[in-house]
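Just final.txt here, compact mmCIF, C-alpha atoms:
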```
# COMPACT_ATOMS: atom_id res chain seq x y z
CA MET R 1 -15.42 10.55 6.67
CA ASN R 2 -16.52 7.19 5.27
CA THR R 3 -16.27 3.99 7.29
CA ILE R 4 -13.16 2.47 5.72
CA SER R 5 -11.15 5.71 5.97
CA LYS R 6 -12.04 6.14 9.63
CA LYS R 7 -11.35 2.47 10.38
CA TYR R 8 -7.97 2.68 8.65
CA ILE R 9 -6.81 5.78 10.53
CA GLU R 10 -7.97 4.45 13.90
CA GLY R 11 -6.14 1.18 13.27
CA LEU R 12 -2.98 2.99 12.15
CA LYS R 13 -2.94 4.98 15.39
CA LYS R 14 -3.24 1.76 17.35
CA ALA R 15 -0.35 0.24 15.38
CA TYR R 16 1.89 3.20 16.22
CA TYR R 17 0.97 2.92 19.89
CA GLU R 18 1.60 -0.82 19.94
CA ASN R 19 5.05 -0.28 18.40
CA ASN R 20 6.15 2.11 21.14
CA SER R 21 5.74 5.09 18.82
CA SER R 22 2.91 6.99 20.48
CA GLU R 23 5.05 10.14 20.62
CA ILE R 24 5.44 10.11 16.83
CA TRP R 25 1.68 9.71 16.37
CA ASN R 26 0.82 12.40 18.93
CA TYR R 27 3.17 14.88 17.26
CA PHE R 28 1.68 13.98 13.88
CA GLU R 29 -1.85 14.64 15.16
CA LYS R 30 -0.74 17.94 16.67
CA VAL R 31 0.75 19.42 13.49
CA LYS R 32 -1.17 17.75 10.65
CA HIS R 33 -3.70 19.51 8.43
CA GLY R 34 -5.94 18.42 5.60
CA ALA R 35 -5.89 19.26 1.91
CA SER R 36 -7.62 22.41 0.80
CA LEU R 37 -11.05 22.20 -0.79
CA GLU R 38 -9.53 23.77 -3.92
CA ASN R 39 -6.98 20.96 -4.32
CA ARG R 40 -9.54 18.26 -3.61
CA GLU R 41 -11.76 19.74 -6.30
CA LYS R 42 -8.82 19.83 -8.72
CA LEU R 43 -8.21 16.13 -8.06
CA LYS R 44 -11.88 15.35 -8.69
CA ASN R 45 -11.71 17.25 -11.97
CA LEU R 46 -8.55 15.42 -13.03
CA TYR R 47 -9.78 12.03 -11.81
CA PRO R 48 -13.60 11.90 -11.84
CA TYR R 49 -13.52 8.37 -10.37
CA ILE R 50 -11.17 9.19 -7.50
CA PRO R 51 -12.29 7.13 -4.47
CA GLU R 52 -14.19 8.96 -1.78
CA SER R 53 -12.05 7.18 0.81
CA LEU R 54 -8.87 8.75 -0.60
CA LEU R 55 -10.46 12.20 -0.60
CA ASN R 56 -11.52 11.62 3.02
CA ILE R 57 -7.96 10.72 3.97
CA LEU R 58 -6.63 13.82 2.20
CA GLU R 59 -9.16 15.93 4.07
CA TYR R 60 -7.68 14.46 7.27
CA ILE R 61 -4.00 14.71 6.26
CA ASP R 62 -2.56 16.42 3.18
CA GLY R 63 0.38 14.11 2.63
CA THR R 64 3.15 12.79 4.85
CA TYR R 65 6.05 13.01 2.42
CA PHE R 66 8.59 15.54 3.73
CA THR R 67 5.72 17.93 4.34
CA GLU R 68 6.26 21.18 6.20
CA TYR R 69 3.96 21.86 9.13
CA GLU R 70 4.25 24.92 11.35
CA GLY R 71 7.78 25.59 10.14
CA GLU R 72 8.96 22.03 10.75
CA LYS R 73 9.56 19.16 8.35
CA ILE R 74 7.74 15.94 9.19
CA THR R 75 7.89 12.56 7.49
CA PHE R 76 5.40 9.93 8.47
CA TYR R 77 4.78 6.39 7.27
CA PHE R 78 1.10 6.10 6.45
CA LEU R 79 0.67 3.25 3.95
CA GLY R 80 2.06 -0.13 2.92
CA SER R 81 1.83 -2.62 0.05
CA ASP R 82 2.22 -6.32 -0.59
CA ILE R 83 5.93 -5.98 0.19
CA TYR R 84 6.27 -7.08 3.79
CA GLU R 85 7.47 -4.52 6.31
CA TYR R 86 7.96 -1.85 3.68
CA PRO R 87 6.37 1.51 4.62
CA TYR R 88 5.16 4.22 2.24
CA TYR R 89 4.39 7.93 2.45
CA LEU R 90 1.10 9.46 1.36
CA LEU R 91 1.66 12.14 -1.27
CA SER R 92 -0.01 15.50 -0.76
CA SER R 93 -2.91 16.63 -2.92
CA LEU R 94 -0.57 19.04 -4.73
CA GLU R 95 1.99 16.30 -5.37
CA MET R 96 -0.77 14.10 -6.79
CA ILE R 97 -1.88 16.92 -9.08
CA GLU R 98 1.65 17.72 -10.22
CA SER R 99 2.49 14.07 -10.96
CA LYS R 100 -0.55 13.52 -13.20
CA ASN R 101 1.63 12.75 -16.24
CA LYS R 102 4.25 10.73 -14.39
CA ILE R 103 3.16 7.40 -15.83
CA ILE R 104 3.59 8.75 -19.37
CA GLY R 105 6.84 10.55 -18.71
CA TYR R 106 8.60 7.75 -16.89
CA TYR R 107 6.98 4.44 -17.78
CA ALA R 108 5.53 4.66 -21.30
CA ASP R 109 7.97 2.09 -22.72
CA TYR R 110 7.22 -0.30 -19.87
CA ILE R 111 3.45 -0.03 -20.32
CA GLU R 112 3.81 -0.66 -24.06
CA ARG R 113 5.83 -3.82 -23.25
CA LYS R 114 9.03 -2.75 -24.98
CA TYR R 115 11.23 -4.58 -22.45
CA ASP R 116 10.75 -8.32 -22.05
CA GLU R 117 12.52 -8.33 -18.70
CA VAL R 118 9.95 -6.00 -17.09
CA ILE R 119 7.09 -7.94 -15.50
CA ILE R 120 3.69 -6.34 -16.23
CA ASP R 121 0.43 -7.67 -14.83
CA ASP R 122 -2.05 -8.55 -17.60
CA LYS R 123 -4.67 -6.47 -15.77
CA ILE R 124 -2.69 -3.41 -16.90
CA THR R 125 -3.24 -1.88 -20.33
CA ASN R 126 -0.52 -2.11 -22.99
CA SER R 127 -1.39 1.27 -24.51
CA ILE R 128 -0.19 4.61 -23.21
CA GLU R 129 -2.89 6.44 -25.21
CA ASN R 130 -5.47 8.02 -22.87
CA ILE R 131 -3.91 6.27 -19.86
CA LYS R 132 -4.97 7.76 -16.53
CA TRP R 133 -3.19 6.75 -13.34
CA LEU R 134 -3.26 8.62 -10.02
CA HIS R 135 0.12 8.47 -8.28
CA PHE R 136 -0.71 8.57 -4.55
CA SER R 137 2.19 7.06 -2.64
CA ASP R 138 5.97 6.57 -2.62
CA CYS R 139 7.98 4.08 -0.63
CA MET R 140 10.26 4.98 2.26
CA ASN R 141 13.27 5.81 0.07
CA ASN R 142 11.46 8.66 -1.69
CA GLY R 143 9.86 6.38 -4.26
CA GLY R 144 13.10 5.20 -5.81
CA THR R 145 12.21 1.57 -5.22
CA SER R 146 8.42 1.49 -5.26
CA GLN R 147 5.39 3.65 -6.02
CA LEU R 148 1.63 3.15 -5.83
CA PHE R 149 -1.00 4.21 -8.37
CA ILE R 150 -4.76 4.05 -8.85
CA ASP R 151 -5.36 2.82 -12.40
CA PHE R 152 -8.51 4.18 -14.04
CA THR R 153 -7.74 2.75 -17.50
CA PRO R 154 -7.06 -0.99 -17.00
CA SER R 155 -6.89 -3.73 -19.61
CA GLU R 156 -9.97 -5.86 -20.33
CA ASN R 157 -8.71 -8.22 -17.60
CA GLY R 158 -8.49 -5.49 -14.99
CA THR R 159 -10.85 -3.34 -12.93
CA LYS R 160 -11.23 0.44 -13.10
CA GLY R 161 -9.75 1.85 -9.91
CA GLN R 162 -7.36 -1.04 -9.30
CA ILE R 163 -4.20 -0.41 -7.28
CA VAL R 164 -0.91 -0.87 -9.12
CA ARG R 165 2.38 -1.27 -7.30
CA PHE R 166 5.59 -0.48 -9.20
CA LEU R 167 8.74 -2.16 -7.89
CA HIS R 168 12.25 -1.38 -9.12
CA ASP R 169 15.09 -3.86 -9.58
CA PRO R 170 13.74 -6.11 -10.86
CA ASP R 171 11.20 -3.80 -12.45
CA GLU R 172 7.60 -4.94 -12.06
CA PHE R 173 4.07 -3.55 -12.26
CA LYS R 174 1.59 -5.61 -10.26
CA VAL R 175 -2.08 -5.11 -9.38
CA ILE R 176 -2.33 -5.58 -5.61
CA ALA R 177 -6.03 -4.73 -5.08
CA ASP R 178 -9.13 -4.18 -7.21
CA SER R 179 -9.95 -0.87 -5.50
CA PHE R 180 -8.55 1.66 -3.05
CA ASP R 181 -11.01 0.51 -0.39
CA GLU R 182 -9.92 -3.10 -0.86
CA TYR R 183 -6.30 -1.96 -0.64
CA LEU R 184 -6.97 -0.28 2.73
CA GLU R 185 -8.81 -3.37 3.96
CA LYS R 186 -5.80 -5.54 3.11
CA LEU R 187 -3.49 -3.27 5.09
CA ILE R 188 -5.90 -3.51 8.03
CA GLU R 189 -6.14 -7.31 7.73
CA ASN R 190 -2.34 -7.52 7.68
CA GLU R 191 -2.35 -5.54 10.93
CA TYR R 192 -0.32 -2.65 9.47
CA ASP R 193 2.74 -4.89 9.23
CA PHE R 194 4.71 -2.03 7.64
CA ILE R 195 4.71 -0.26 11.03
CA ILE R 196 7.51 -1.77 13.05
CA GLU R 197 9.43 -0.02 15.79
CA GLU R 198 12.83 -0.31 14.08
CA MET R 199 11.54 1.53 10.99
CA LEU R 200 10.21 4.42 13.02
CA GLU R 201 13.41 5.28 14.87
```

For the file at hand, write its structure as structure tokens.
Amino acid sequence: MNTISKKYIEGLKKAYYENNSSEIWNYFEKVKHGASLENREKLKNLYPYIPESLLNILEYIDGTYFTEYEGEKITFYFLGSDIYEYPYYLLSSLEMIESKNKIIGYYADYIERKYDEVIIDDKITNSIENIKWLHFSDCMNNGGTSQLFIDFTPSENGTKGQIVRFLHDPDEFKVIADSFDEYLEKLIENEYDFIIEEMLE
């Protein structure tokens, strides 16, 4: 496991403990399992530039989004964004594979700037042709309000591998980090502010 992935997971554990949620973390550690080598290879084939840090995290935990472990359903907040105190689930490797065309199916008109009221960062391409985004996370209400993507086909103002956050109502696509590693670093620097005791009850 690379340094940033390990640092992130260790810090997340500490955040759960500091928010009186050690039992949740301990149960999570007891039942979790990593993504299969087959699925990780499929992701690498679909997204040749997938960050090593994301693959390391998937090797540690294969999603936290209503995932079944040992006959039980477990949901676990694992990520955040620039939206204060707003937790997100990590999708599983299979969910990431199955949602590979989500950006085209759901957001093509937005990307092509067909709605003036939708705010789109200029670091994001305006062409749906050959677009390649990796959908890796949904917000706490099953993604209905916000989703996170790794964008491998940015505009000339963007950076390959940048992190895009979609927010609904008002609809907005915003680049919140230039890379997945930078994204994790920001969550660490913000002291995992999406982990608060009230959210975990």

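Closest approach to Glu156 in chain R among R:Phe136, R:Asp82, R:Asp122, R:Glu189 is made by R:Asp122 (distances from all atoms listed in the file).
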
Q: Report the distance between CA of Ser155 in chain R and CA of Ile120 in chain R in Å, rounded to one decimal place.
A: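 A separation of 11.4 Å between them.
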
Output as a Markdown table one row per residue of range 42-141 of chain R within 6 Å of range 26-35 of chain R: the closest atom pair and its distance in Å to one decimal place, counting all atoms listed in the file, sorted by chain and residue number ascending.
```
| residue | atom | partner | partner_atom | distance |
| --- | --- | --- | --- | --- |
| R:Leu58 | CA | R:Ala35 | CA | 5.5 |
| R:Glu59 | CA | R:Gly34 | CA | 4.3 |
| R:Tyr60 | CA | R:Gly34 | CA | 4.6 |
| R:Ile61 | CA | R:Gly34 | CA | 4.2 |
| R:Asp62 | CA | R:Ala35 | CA | 4.6 |
| R:Tyr69 | CA | R:Val31 | CA | 5.9 |
```

I'd like a table as a tab-separated table: residues in range 68-111 of chain R with an atom no more than 9 Å from range 37-51 of chain R, each row giving the shortest atom pair and its distance in Å to one decimal, only C-alpha atoms counted, sorted by chain and rising residue number.
```
residue	atom	partner	partner_atom	distance
R:Ser93	CA	R:Asn39	CA	6.1
R:Leu94	CA	R:Asn39	CA	6.7
R:Met96	CA	R:Leu43	CA	7.8
R:Ile97	CA	R:Leu43	CA	6.5
R:Lys100	CA	R:Leu46	CA	8.2
```

Q.
Would you compute the distance between CA of Asn56 in chain R and CA of Met1 in chain R? Give it in Å to one decimal.
A. 5.4 Å

Q. Which of these, R:Ile4, R:Ile111, R:Met140, R:Leu55, has the shortest distance to Leu187 in chain R once you count only C-alpha atoms?
A. R:Ile4

Find the axis-aligned box for range 171-174 of chain R, covering all its listed atoms and adding 6 Å on each side, and write its centre and edge lengths in Å to one decimal as JSON.
```
{"center_x": 6.4, "center_y": -4.6, "center_z": -11.4, "size_x": 21.6, "size_y": 14.1, "size_z": 14.2}
```

Q) range 89-92 of chain R: which residues within 6 Å, counting all atoms listed in the file, same-chain residues fewer than 4 positions away excluded, as a VMD selection string? A) chain R and resid 62 to 65 77 to 78 136 to 138

N, CA and C atoms for range 6-28 of chain R, written as a compact mmCIF listing (two decimals), in the coordinates of the input, could you do that?
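Below is the file that was written, result_20.txt:
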```txt
# COMPACT_ATOMS: atom_id res chain seq x y z
N LYS R 6 -12.08 5.98 8.17
CA LYS R 6 -12.04 6.14 9.63
C LYS R 6 -11.44 4.90 10.29
N LYS R 7 -11.87 3.73 9.84
CA LYS R 7 -11.35 2.47 10.38
C LYS R 7 -9.84 2.36 10.16
N TYR R 8 -9.39 2.76 8.98
CA TYR R 8 -7.97 2.68 8.65
C TYR R 8 -7.15 3.58 9.57
N ILE R 9 -7.57 4.82 9.72
CA ILE R 9 -6.81 5.78 10.53
C ILE R 9 -6.79 5.36 12.01
N GLU R 10 -7.92 4.90 12.51
CA GLU R 10 -7.97 4.45 13.90
C GLU R 10 -7.03 3.26 14.12
N GLY R 11 -7.01 2.34 13.16
CA GLY R 11 -6.14 1.18 13.27
C GLY R 11 -4.67 1.55 13.16
N LEU R 12 -4.36 2.54 12.31
CA LEU R 12 -2.98 2.99 12.15
C LEU R 12 -2.48 3.62 13.45
N LYS R 13 -3.31 4.40 14.09
CA LYS R 13 -2.94 4.98 15.39
C LYS R 13 -2.63 3.88 16.38
N LYS R 14 -3.46 2.88 16.43
CA LYS R 14 -3.24 1.76 17.35
C LYS R 14 -1.92 1.07 17.05
N ALA R 15 -1.60 0.90 15.77
CA ALA R 15 -0.35 0.24 15.38
C ALA R 15 0.86 1.05 15.85
N TYR R 16 0.79 2.37 15.73
CA TYR R 16 1.89 3.20 16.22
C TYR R 16 2.04 3.06 17.73
N TYR R 17 0.92 3.06 18.44
CA TYR R 17 0.97 2.92 19.89
C TYR R 17 1.54 1.57 20.29
N GLU R 18 1.14 0.52 19.59
CA GLU R 18 1.60 -0.82 19.94
C GLU R 18 3.06 -1.04 19.60
N ASN R 19 3.63 -0.18 18.76
CA ASN R 19 5.05 -0.28 18.40
C ASN R 19 5.88 0.79 19.11
N ASN R 20 5.41 1.17 20.29
CA ASN R 20 6.15 2.11 21.14
C ASN R 20 6.46 3.43 20.43
N SER R 21 5.52 3.87 19.60
CA SER R 21 5.74 5.09 18.82
C SER R 21 4.58 6.08 19.00
N SER R 22 4.02 6.08 20.20
CA SER R 22 2.91 6.99 20.48
C SER R 22 3.33 8.45 20.36
N GLU R 23 4.59 8.76 20.71
CA GLU R 23 5.05 10.14 20.62
C GLU R 23 5.05 10.64 19.18
N ILE R 24 5.45 9.75 18.25
CA ILE R 24 5.44 10.11 16.83
C ILE R 24 4.01 10.40 16.40
N TRP R 25 3.08 9.52 16.76
CA TRP R 25 1.68 9.71 16.37
C TRP R 25 1.11 10.99 16.98
N ASN R 26 1.38 11.23 18.26
CA ASN R 26 0.82 12.40 18.93
C ASN R 26 1.34 13.69 18.31
N TYR R 27 2.62 13.70 17.93
CA TYR R 27 3.17 14.88 17.26
C TYR R 27 2.50 15.07 15.89
N PHE R 28 2.35 13.95 15.18
CA PHE R 28 1.68 13.98 13.88
C PHE R 28 0.28 14.58 14.00
```
